[in-house]
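This is work-v1.cif (mmCIF, C-alpha atoms).
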```
data_input
#
loop_
_atom_site.label_atom_id
_atom_site.label_comp_id
_atom_site.auth_asym_id
_atom_site.auth_seq_id
_atom_site.Cartn_x
_atom_site.Cartn_y
_atom_site.Cartn_z
CA MET A 1 117.66 135.34 128.68
CA LYS A 2 119.41 134.81 125.38
CA LEU A 3 121.74 131.82 125.35
CA THR A 4 125.30 132.15 124.14
CA ARG A 5 126.74 130.04 121.34
CA GLU A 6 128.45 127.77 123.90
CA GLN A 7 125.27 127.36 125.96
CA ILE A 8 123.37 126.51 122.78
CA GLN A 9 125.91 123.88 121.71
CA MET A 10 125.85 122.24 125.14
CA ARG A 11 122.05 122.04 125.21
CA LEU A 12 121.85 120.93 121.59
CA SER A 13 124.15 118.00 122.31
CA LYS A 14 121.59 116.65 124.80
CA LEU A 15 118.70 116.68 122.32
CA ASN A 16 117.81 114.18 119.62
CA MET A 17 120.48 114.60 116.93
CA ASP A 18 117.86 115.52 114.33
CA TRP A 19 117.61 118.99 115.88
CA LYS A 20 119.61 121.42 113.73
CA LEU A 21 120.76 124.91 114.60
CA ARG A 22 119.71 127.37 111.87
CA GLU A 23 121.25 130.82 111.39
CA GLY A 24 122.55 130.66 114.94
CA ASN A 25 119.22 131.78 116.37
CA LYS A 26 116.73 128.94 116.01
CA ILE A 27 116.56 125.14 116.17
CA GLU A 28 114.60 122.95 113.82
CA ARG A 29 113.61 119.28 113.65
CA GLU A 30 111.82 117.42 110.89
CA PHE A 31 109.50 114.46 111.45
CA ASN A 32 108.02 111.94 109.01
CA PHE A 33 104.77 110.04 109.27
CA ASP A 34 103.05 107.26 107.36
CA ASN A 35 99.80 109.11 106.83
CA TYR A 36 97.87 112.33 107.38
CA GLN A 37 96.12 111.17 110.53
CA ASP A 38 99.44 110.50 112.28
CA THR A 39 100.76 113.86 111.09
CA ILE A 40 97.76 115.73 112.52
CA GLU A 41 97.90 113.84 115.81
CA PHE A 42 101.54 114.81 116.19
CA VAL A 43 100.79 118.47 115.41
CA ASN A 44 97.98 118.44 117.98
CA LYS A 45 100.33 117.06 120.61
CA ILE A 46 102.78 119.87 119.87
CA THR A 47 100.10 122.58 120.11
CA GLY A 48 98.87 121.11 123.41
CA LEU A 49 102.41 121.23 124.75
CA ALA A 50 102.84 124.78 123.41
CA GLU A 51 99.79 125.88 125.37
CA ASP A 52 100.98 124.14 128.55
CA GLU A 53 104.42 125.76 128.27
CA ASN A 54 103.10 129.08 126.94
CA HIS A 55 105.78 128.90 124.25
CA HIS A 56 104.70 128.59 120.64
CA PRO A 57 106.88 127.02 117.97
CA ASP A 58 106.62 127.59 114.28
CA ILE A 59 105.02 124.44 112.85
CA GLN A 60 105.01 123.59 109.16
CA PHE A 61 103.31 120.42 107.98
CA SER A 62 101.80 118.66 105.01
CA TYR A 63 100.94 115.02 104.25
CA GLY A 64 103.38 112.83 106.21
CA LYS A 65 105.78 115.59 107.23
CA ALA A 66 106.16 118.16 109.99
CA LYS A 67 108.89 120.66 110.76
CA ILE A 68 109.13 122.28 114.18
CA THR A 69 111.14 125.48 114.54
CA LEU A 70 111.90 126.96 117.95
CA SER A 71 113.19 130.38 118.92
CA THR A 72 112.34 133.06 121.46
CA HIS A 73 111.01 136.26 119.95
CA GLU A 74 111.68 138.34 123.08
CA VAL A 75 115.43 137.66 122.98
CA GLU A 76 115.74 137.45 119.18
CA GLY A 77 117.47 134.14 119.59
CA LEU A 78 117.37 130.99 121.66
CA SER A 79 116.45 130.80 125.33
CA GLU A 80 116.09 128.03 127.91
CA LYS A 81 112.39 127.81 126.95
CA ASP A 82 113.29 126.51 123.49
CA PHE A 83 115.39 123.68 124.86
CA THR A 84 112.80 122.77 127.49
CA LEU A 85 110.19 122.49 124.75
CA ALA A 86 112.54 120.59 122.41
CA SER A 87 113.39 118.00 125.07
CA LYS A 88 109.67 117.45 125.75
CA ILE A 89 109.02 117.06 122.02
CA ASP A 90 111.79 114.44 121.98
CA THR A 91 109.75 112.30 124.38
CA PHE A 92 106.81 112.01 121.93
CA MET B 1 95.29 118.04 84.99
CA LYS B 2 97.71 120.91 85.23
CA LEU B 3 96.11 124.30 84.73
CA THR B 4 97.55 126.79 82.25
CA ARG B 5 98.60 130.30 83.22
CA GLU B 6 95.35 131.68 81.81
CA GLN B 7 93.22 129.12 83.66
CA ILE B 8 95.06 129.95 86.87
CA GLN B 9 94.53 133.71 86.48
CA MET B 10 90.81 133.21 85.81
CA ARG B 11 90.34 131.02 88.89
CA LEU B 12 92.53 133.25 91.06
CA SER B 13 90.37 136.26 90.24
CA LYS B 14 87.38 134.48 91.83
CA LEU B 15 89.13 133.82 95.13
CA ASN B 16 89.69 136.15 98.07
CA MET B 17 92.29 138.67 96.91
CA ASP B 18 94.70 137.63 99.66
CA TRP B 19 95.55 134.49 97.66
CA LYS B 20 98.87 135.06 95.89
CA LEU B 21 100.39 133.07 93.05
CA ARG B 22 103.95 132.00 93.94
CA GLU B 23 106.54 130.86 91.38
CA GLY B 24 103.71 130.19 88.94
CA ASN B 25 103.01 126.79 90.49
CA LYS B 26 101.39 127.34 93.89
CA ILE B 27 98.96 129.66 95.63
CA GLU B 28 99.33 130.97 99.13
CA ARG B 29 97.18 132.86 101.62
CA GLU B 30 98.08 134.23 105.02
CA PHE B 31 95.69 134.55 107.94
CA ASN B 32 95.98 136.40 111.24
CA PHE B 33 94.36 135.58 114.57
CA ASP B 34 94.04 137.24 117.96
CA ASN B 35 95.35 134.29 119.95
CA TYR B 36 96.72 130.75 119.81
CA GLN B 37 93.37 129.05 120.39
CA ASP B 38 91.83 130.72 117.33
CA THR B 39 94.92 129.83 115.28
CA ILE B 40 94.68 126.15 116.25
CA GLU B 41 90.94 126.02 115.59
CA PHE B 42 91.52 127.41 112.13
CA VAL B 43 94.29 124.88 111.41
CA ASN B 44 92.00 122.07 112.59
CA LYS B 45 89.27 123.23 110.23
CA ILE B 46 91.76 123.19 107.36
CA THR B 47 92.98 119.66 108.18
CA GLY B 48 89.37 118.42 108.41
CA LEU B 49 88.67 119.90 105.00
CA ALA B 50 91.92 118.40 103.65
CA GLU B 51 90.78 114.96 104.75
CA ASP B 52 87.31 115.41 103.26
CA GLU B 53 88.77 116.54 99.94
CA ASN B 54 91.74 114.14 100.06
CA HIS B 55 93.97 117.07 99.15
CA HIS B 56 96.56 118.22 101.66
CA PRO B 57 97.89 121.77 101.73
CA ASP B 58 101.15 122.86 103.22
CA ILE B 59 100.25 124.62 106.49
CA GLN B 60 102.65 126.82 108.42
CA PHE B 61 101.53 128.41 111.65
CA SER B 62 102.71 129.97 114.88
CA TYR B 63 101.05 132.21 117.49
CA GLY B 64 98.37 134.25 115.71
CA LYS B 65 99.43 133.44 112.15
CA ALA B 66 98.80 130.72 109.56
CA LYS B 67 99.93 130.39 105.96
CA ILE B 68 98.22 127.94 103.62
CA THR B 69 100.03 126.88 100.45
CA LEU B 70 98.27 124.85 97.77
CA SER B 71 99.69 122.95 94.82
CA THR B 72 99.20 119.53 93.23
CA HIS B 73 102.23 117.28 93.49
CA GLU B 74 101.06 114.92 90.73
CA VAL B 75 101.02 117.68 88.10
CA GLU B 76 103.93 119.68 89.54
CA GLY B 77 101.75 122.74 89.48
CA LEU B 78 98.20 123.85 90.10
CA SER B 79 95.09 121.80 89.38
CA GLU B 80 91.35 122.26 89.82
CA LYS B 81 91.69 120.59 93.25
CA ASP B 82 93.72 123.53 94.56
CA PHE B 83 91.10 126.07 93.60
CA THR B 84 88.26 123.93 94.94
CA LEU B 85 90.04 123.76 98.29
CA ALA B 86 90.95 127.47 98.23
CA SER B 87 87.34 128.51 97.61
CA LYS B 88 86.18 126.33 100.52
CA ILE B 89 88.84 127.85 102.77
CA ASP B 90 87.51 131.28 101.74
CA THR B 91 84.14 130.39 103.32
CA PHE B 92 85.71 129.89 106.79
#
```
Will you turn the file into structure tokens for me?
Amino acid sequence: MKLTREQIQMRLSKLNMDWKLREGNKIEREFNFDNYQDTIEFVNKITGLAEDENHHPDIQFSYGKAKITLSTHEVEGLSEKDFTLASKIDTF
Amino acid sequence: MKLTREQIQMRLSKLNMDWKLREGNKIEREFNFDNYQDTIEFVNKITGLAEDENHHPDIQFSYGKAKITLSTHEVEGLSEKDFTLASKIDTF
């Protein structure tokens, strides 16, 4: 189910403050790493989690940087699934 | 060394035609996959190659899709390294 603006704001306030709401329909967080190996290990942890949760973020990465973008295609916006995944990512 | 527009066009013509020149200073290719596992395996092959070549593309992926963007930070444009990596990616 698609979350309302108020529901999104409430859930967003419980996440790491680096999560940003973009265009009202997705959330995004950027991460920095010292080297490529750490970057890849992080990306692999995210993909493992994505498989476990059957919810697949958009992941963009290069040397020392990764950006995770979450949204739910089926609702063309944000759902509970996105915030569940985001809060798990915050524990990494 | 930064490649000229002519050098870029010559090298681009030898790659898979799905490689596109963007803003004159980077090349990009999109790939599609049937499932998440195939997508991740592809991304892992790219990161392995990036480590071998010590040249790190920008990789963006989600379920069933990956986009590889190559450029050389040091020259603020395209170098031989980008085309070497692109031609290796074309063998996957």
Output of the PyMOL selection byres ((chain A) within 9 of (chain B)), listed as a list of chain:residue names: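 Evaluating the PyMOL selection byres ((chain A) within 9 of (chain B)) on this file yields A:Tyr36, A:Gln37, A:Ile40, A:Asn44, A:Thr47, A:Glu51, A:His55, A:His56, A:Pro57, A:Asp58, A:Ile59, A:Gln60, A:Phe61, A:Ser62, A:Tyr63.
Summary of the local environment: counting all atoms listed in the file, residues at most 9 Å from stretch 73-88 of chain B, other than itself and those fewer than 5 positions away along its chain, are Met1, Lys2, Leu3, Thr4, Ile8, Arg11, Leu12, Lys14, Leu15, Asn16, Trp19, Gly24, Asn25, Lys26, Ile27, Arg29, Leu49, Ala50, Glu53, His55 and Pro57 of chain B.
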Please return the superposed copy of chain A as a JSON list (two decimals) with C-alpha atoms, in the frame of the given file; the fit should be least squares onto chain B across all sequentially paired Cα atoms.
```json
[["chain", "number", "residue", "atom", "x", "y", "z"],
["A", 1, "MET", "CA", 95.28, 118.03, 85.01],
["A", 2, "LYS", "CA", 97.71, 120.91, 85.23],
["A", 3, "LEU", "CA", 96.11, 124.31, 84.73],
["A", 4, "THR", "CA", 97.55, 126.78, 82.26],
["A", 5, "ARG", "CA", 98.61, 130.29, 83.23],
["A", 6, "GLU", "CA", 95.34, 131.69, 81.81],
["A", 7, "GLN", "CA", 93.21, 129.12, 83.66],
["A", 8, "ILE", "CA", 95.07, 129.94, 86.87],
["A", 9, "GLN", "CA", 94.53, 133.69, 86.47],
["A", 10, "MET", "CA", 90.82, 133.22, 85.82],
["A", 11, "ARG", "CA", 90.34, 131.02, 88.89],
["A", 12, "LEU", "CA", 92.52, 133.24, 91.05],
["A", 13, "SER", "CA", 90.36, 136.25, 90.23],
["A", 14, "LYS", "CA", 87.37, 134.49, 91.82],
["A", 15, "LEU", "CA", 89.13, 133.82, 95.13],
["A", 16, "ASN", "CA", 89.69, 136.14, 98.08],
["A", 17, "MET", "CA", 92.29, 138.67, 96.89],
["A", 18, "ASP", "CA", 94.70, 137.63, 99.65],
["A", 19, "TRP", "CA", 95.55, 134.50, 97.66],
["A", 20, "LYS", "CA", 98.88, 135.05, 95.89],
["A", 21, "LEU", "CA", 100.39, 133.06, 93.06],
["A", 22, "ARG", "CA", 103.95, 132.01, 93.94],
["A", 23, "GLU", "CA", 106.54, 130.87, 91.39],
["A", 24, "GLY", "CA", 103.73, 130.18, 88.95],
["A", 25, "ASN", "CA", 103.01, 126.80, 90.49],
["A", 26, "LYS", "CA", 101.39, 127.33, 93.88],
["A", 27, "ILE", "CA", 98.95, 129.67, 95.63],
["A", 28, "GLU", "CA", 99.34, 130.97, 99.14],
["A", 29, "ARG", "CA", 97.18, 132.88, 101.63],
["A", 30, "GLU", "CA", 98.10, 134.25, 105.03],
["A", 31, "PHE", "CA", 95.68, 134.55, 107.95],
["A", 32, "ASN", "CA", 95.98, 136.41, 111.26],
["A", 33, "PHE", "CA", 94.37, 135.58, 114.57],
["A", 34, "ASP", "CA", 94.07, 137.23, 117.97],
["A", 35, "ASN", "CA", 95.35, 134.28, 119.94],
["A", 36, "TYR", "CA", 96.71, 130.74, 119.81],
["A", 37, "GLN", "CA", 93.37, 129.05, 120.40],
["A", 38, "ASP", "CA", 91.84, 130.72, 117.33],
["A", 39, "THR", "CA", 94.92, 129.83, 115.29],
["A", 40, "ILE", "CA", 94.68, 126.14, 116.24],
["A", 41, "GLU", "CA", 90.94, 126.01, 115.60],
["A", 42, "PHE", "CA", 91.51, 127.41, 112.12],
["A", 43, "VAL", "CA", 94.28, 124.88, 111.41],
["A", 44, "ASN", "CA", 92.00, 122.06, 112.58],
["A", 45, "LYS", "CA", 89.27, 123.22, 110.24],
["A", 46, "ILE", "CA", 91.75, 123.18, 107.35],
["A", 47, "THR", "CA", 92.98, 119.66, 108.17],
["A", 48, "GLY", "CA", 89.38, 118.42, 108.42],
["A", 49, "LEU", "CA", 88.67, 119.89, 105.00],
["A", 50, "ALA", "CA", 91.91, 118.39, 103.65],
["A", 51, "GLU", "CA", 90.78, 114.95, 104.76],
["A", 52, "ASP", "CA", 87.30, 115.41, 103.26],
["A", 53, "GLU", "CA", 88.78, 116.54, 99.93],
["A", 54, "ASN", "CA", 91.73, 114.14, 100.05],
["A", 55, "HIS", "CA", 93.97, 117.07, 99.13],
["A", 56, "HIS", "CA", 96.56, 118.23, 101.63],
["A", 57, "PRO", "CA", 97.90, 121.77, 101.72],
["A", 58, "ASP", "CA", 101.15, 122.87, 103.21],
["A", 59, "ILE", "CA", 100.25, 124.62, 106.48],
["A", 60, "GLN", "CA", 102.66, 126.82, 108.40],
["A", 61, "PHE", "CA", 101.55, 128.41, 111.65],
["A", 62, "SER", "CA", 102.72, 129.98, 114.87],
["A", 63, "TYR", "CA", 101.06, 132.20, 117.49],
["A", 64, "GLY", "CA", 98.37, 134.26, 115.71],
["A", 65, "LYS", "CA", 99.42, 133.43, 112.15],
["A", 66, "ALA", "CA", 98.81, 130.74, 109.56],
["A", 67, "LYS", "CA", 99.93, 130.39, 105.96],
["A", 68, "ILE", "CA", 98.22, 127.95, 103.62],
["A", 69, "THR", "CA", 100.02, 126.89, 100.46],
["A", 70, "LEU", "CA", 98.27, 124.85, 97.77],
["A", 71, "SER", "CA", 99.67, 122.94, 94.83],
["A", 72, "THR", "CA", 99.21, 119.53, 93.25],
["A", 73, "HIS", "CA", 102.23, 117.28, 93.51],
["A", 74, "GLU", "CA", 101.06, 114.92, 90.75],
["A", 75, "VAL", "CA", 101.03, 117.68, 88.12],
["A", 76, "GLU", "CA", 103.94, 119.69, 89.55],
["A", 77, "GLY", "CA", 101.75, 122.75, 89.48],
["A", 78, "LEU", "CA", 98.19, 123.85, 90.10],
["A", 79, "SER", "CA", 95.10, 121.79, 89.38],
["A", 80, "GLU", "CA", 91.35, 122.26, 89.82],
["A", 81, "LYS", "CA", 91.69, 120.59, 93.25],
["A", 82, "ASP", "CA", 93.72, 123.53, 94.56],
["A", 83, "PHE", "CA", 91.09, 126.07, 93.58],
["A", 84, "THR", "CA", 88.25, 123.93, 94.94],
["A", 85, "LEU", "CA", 90.04, 123.76, 98.28],
["A", 86, "ALA", "CA", 90.94, 127.47, 98.24],
["A", 87, "SER", "CA", 87.33, 128.52, 97.61],
["A", 88, "LYS", "CA", 86.17, 126.33, 100.51],
["A", 89, "ILE", "CA", 88.84, 127.85, 102.76],
["A", 90, "ASP", "CA", 87.50, 131.28, 101.75],
["A", 91, "THR", "CA", 84.15, 130.39, 103.31],
["A", 92, "PHE", "CA", 85.68, 129.90, 106.79]]
```
Would you mind reading off the distance between atom CA of A:Phe42 and atom CA of B:Thr91, one decimal, in Å? 26.7 Å
What is the atom CA of B:Met17-atom CA of B:Ile46 distance in Å, reported with one decimal?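 Result for atom CA of B:Met17 versus atom CA of B:Ile46: 18.7 Å, one decimal.
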Can you work out the spacing between atom CA of A:Asn32 and atom CA of A:Asp52 in Å, to one decimal?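 These two atoms are separated by 24.1 Å.
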Kindly complete stretch 81-92 of chain B to all heavy atoms; the output should be written as a PDB file, in the frame of the given file.
```pdb
ATOM      1  N   LYS B  81      91.789 120.930  91.817  1.00  0.00           N
ATOM      2  CA  LYS B  81      91.690 120.590  93.250  1.00  0.00           C
ATOM      3  C   LYS B  81      92.139 121.734  94.154  1.00  0.00           C
ATOM      4  O   LYS B  81      91.580 121.947  95.224  1.00  0.00           O
ATOM      5  CB  LYS B  81      92.604 119.386  93.559  1.00  0.00           C
ATOM      6  CG  LYS B  81      91.999 118.034  93.273  1.00  0.00           C
ATOM      7  CD  LYS B  81      92.939 116.941  93.805  1.00  0.00           C
ATOM      8  CE  LYS B  81      92.210 115.632  94.011  1.00  0.00           C
ATOM      9  NZ  LYS B  81      93.057 114.625  94.698  1.00  0.00           N
ATOM     10  N   ASP B  82      93.189 122.434  93.747  1.00  0.00           N
ATOM     11  CA  ASP B  82      93.720 123.530  94.560  1.00  0.00           C
ATOM     12  C   ASP B  82      92.715 124.667  94.681  1.00  0.00           C
ATOM     13  O   ASP B  82      92.543 125.244  95.748  1.00  0.00           O
ATOM     14  CB  ASP B  82      95.041 124.040  93.960  1.00  0.00           C
ATOM     15  CG  ASP B  82      96.095 122.947  93.936  1.00  0.00           C
ATOM     16  OD1 ASP B  82      96.353 122.372  95.002  1.00  0.00           O
ATOM     17  OD2 ASP B  82      96.612 122.641  92.850  1.00  0.00           O
ATOM     18  N   PHE B  83      92.046 124.953  93.577  1.00  0.00           N
ATOM     19  CA  PHE B  83      91.100 126.070  93.600  1.00  0.00           C
ATOM     20  C   PHE B  83      89.784 125.687  94.286  1.00  0.00           C
ATOM     21  O   PHE B  83      89.145 126.531  94.921  1.00  0.00           O
ATOM     22  CB  PHE B  83      90.890 126.598  92.172  1.00  0.00           C
ATOM     23  CG  PHE B  83      92.111 127.347  91.707  1.00  0.00           C
ATOM     24  CD1 PHE B  83      93.121 126.709  90.992  1.00  0.00           C
ATOM     25  CD2 PHE B  83      92.288 128.677  92.050  1.00  0.00           C
ATOM     26  CE1 PHE B  83      94.267 127.393  90.618  1.00  0.00           C
ATOM     27  CE2 PHE B  83      93.435 129.371  91.675  1.00  0.00           C
ATOM     28  CZ  PHE B  83      94.425 128.723  90.955  1.00  0.00           C
ATOM     29  N   THR B  84      89.424 124.409  94.190  1.00  0.00           N
ATOM     30  CA  THR B  84      88.260 123.930  94.940  1.00  0.00           C
ATOM     31  C   THR B  84      88.515 124.093  96.433  1.00  0.00           C
ATOM     32  O   THR B  84      87.682 124.629  97.171  1.00  0.00           O
ATOM     33  CB  THR B  84      87.989 122.445  94.619  1.00  0.00           C
ATOM     34  OG1 THR B  84      87.790 122.322  93.214  1.00  0.00           O
ATOM     35  CG2 THR B  84      86.775 121.920  95.364  1.00  0.00           C
ATOM     36  N   LEU B  85      89.689 123.662  96.873  1.00  0.00           N
ATOM     37  CA  LEU B  85      90.040 123.760  98.290  1.00  0.00           C
ATOM     38  C   LEU B  85      90.138 125.229  98.724  1.00  0.00           C
ATOM     39  O   LEU B  85      89.611 125.617  99.773  1.00  0.00           O
ATOM     40  CB  LEU B  85      91.366 123.028  98.535  1.00  0.00           C
ATOM     41  CG  LEU B  85      91.670 122.590  99.969  1.00  0.00           C
ATOM     42  CD1 LEU B  85      90.536 121.755 100.552  1.00  0.00           C
ATOM     43  CD2 LEU B  85      92.967 121.781 100.018  1.00  0.00           C
ATOM     44  N   ALA B  86      90.792 126.050  97.905  1.00  0.00           N
ATOM     45  CA  ALA B  86      90.950 127.470  98.230  1.00  0.00           C
ATOM     46  C   ALA B  86      89.593 128.147  98.400  1.00  0.00           C
ATOM     47  O   ALA B  86      89.393 128.930  99.333  1.00  0.00           O
ATOM     48  CB  ALA B  86      91.767 128.171  97.157  1.00  0.00           C
ATOM     49  N   SER B  87      88.648 127.833  97.521  1.00  0.00           N
ATOM     50  CA  SER B  87      87.340 128.510  97.610  1.00  0.00           C
ATOM     51  C   SER B  87      86.586 128.039  98.857  1.00  0.00           C
ATOM     52  O   SER B  87      85.843 128.808  99.459  1.00  0.00           O
ATOM     53  CB  SER B  87      86.534 128.318  96.330  1.00  0.00           C
ATOM     54  OG  SER B  87      86.204 126.972  96.171  1.00  0.00           O
ATOM     55  N   LYS B  88      86.795 126.798  99.263  1.00  0.00           N
ATOM     56  CA  LYS B  88      86.180 126.330 100.520  1.00  0.00           C
ATOM     57  C   LYS B  88      86.828 127.010 101.725  1.00  0.00           C
ATOM     58  O   LYS B  88      86.153 127.358 102.695  1.00  0.00           O
ATOM     59  CB  LYS B  88      86.258 124.813 100.621  1.00  0.00           C
ATOM     60  CG  LYS B  88      85.385 124.149  99.558  1.00  0.00           C
ATOM     61  CD  LYS B  88      85.122 122.681  99.793  1.00  0.00           C
ATOM     62  CE  LYS B  88      84.197 122.176  98.681  1.00  0.00           C
ATOM     63  NZ  LYS B  88      83.776 120.794  98.825  1.00  0.00           N
ATOM     64  N   ILE B  89      88.136 127.160 101.667  1.00  0.00           N
ATOM     65  CA  ILE B  89      88.840 127.850 102.770  1.00  0.00           C
ATOM     66  C   ILE B  89      88.323 129.292 102.885  1.00  0.00           C
ATOM     67  O   ILE B  89      88.162 129.816 103.985  1.00  0.00           O
ATOM     68  CB  ILE B  89      90.366 127.815 102.531  1.00  0.00           C
ATOM     69  CG1 ILE B  89      90.883 126.383 102.711  1.00  0.00           C
ATOM     70  CG2 ILE B  89      91.100 128.783 103.467  1.00  0.00           C
ATOM     71  CD1 ILE B  89      92.336 126.150 102.291  1.00  0.00           C
ATOM     72  N   ASP B  90      88.013 129.897 101.751  1.00  0.00           N
ATOM     73  CA  ASP B  90      87.510 131.280 101.740  1.00  0.00           C
ATOM     74  C   ASP B  90      86.158 131.425 102.453  1.00  0.00           C
ATOM     75  O   ASP B  90      85.770 132.530 102.834  1.00  0.00           O
ATOM     76  CB  ASP B  90      87.395 131.816 100.314  1.00  0.00           C
ATOM     77  CG  ASP B  90      88.755 132.247  99.765  1.00  0.00           C
ATOM     78  OD1 ASP B  90      89.706 132.369 100.560  1.00  0.00           O
ATOM     79  OD2 ASP B  90      88.848 132.470  98.544  1.00  0.00           O
ATOM     80  N   THR B  91      85.444 130.315 102.636  1.00  0.00           N
ATOM     81  CA  THR B  91      84.140 130.390 103.320  1.00  0.00           C
ATOM     82  C   THR B  91      84.306 130.335 104.831  1.00  0.00           C
ATOM     83  O   THR B  91      83.342 130.556 105.574  1.00  0.00           O
ATOM     84  CB  THR B  91      83.203 129.248 102.898  1.00  0.00           C
ATOM     85  OG1 THR B  91      83.754 127.993 103.351  1.00  0.00           O
ATOM     86  CG2 THR B  91      83.046 129.174 101.385  1.00  0.00           C
ATOM     87  N   PHE B  92      85.485 130.015 105.331  1.00  0.00           N
ATOM     88  CA  PHE B  92      85.710 129.890 106.790  1.00  0.00           C
ATOM     89  C   PHE B  92      85.589 131.252 107.470  1.00  0.00           C
ATOM     90  O   PHE B  92      85.989 132.258 106.930  1.00  0.00           O
ATOM     91  CB  PHE B  92      87.073 129.288 107.091  1.00  0.00           C
ATOM     92  CG  PHE B  92      87.135 127.812 106.845  1.00  0.00           C
ATOM     93  CD1 PHE B  92      88.336 127.123 106.958  1.00  0.00           C
ATOM     94  CD2 PHE B  92      86.003 127.072 106.504  1.00  0.00           C
ATOM     95  CE1 PHE B  92      88.421 125.756 106.750  1.00  0.00           C
ATOM     96  CE2 PHE B  92      86.081 125.706 106.284  1.00  0.00           C
ATOM     97  CZ  PHE B  92      87.299 125.053 106.402  1.00  0.00           C
TER      98      PHE B  92
END
```
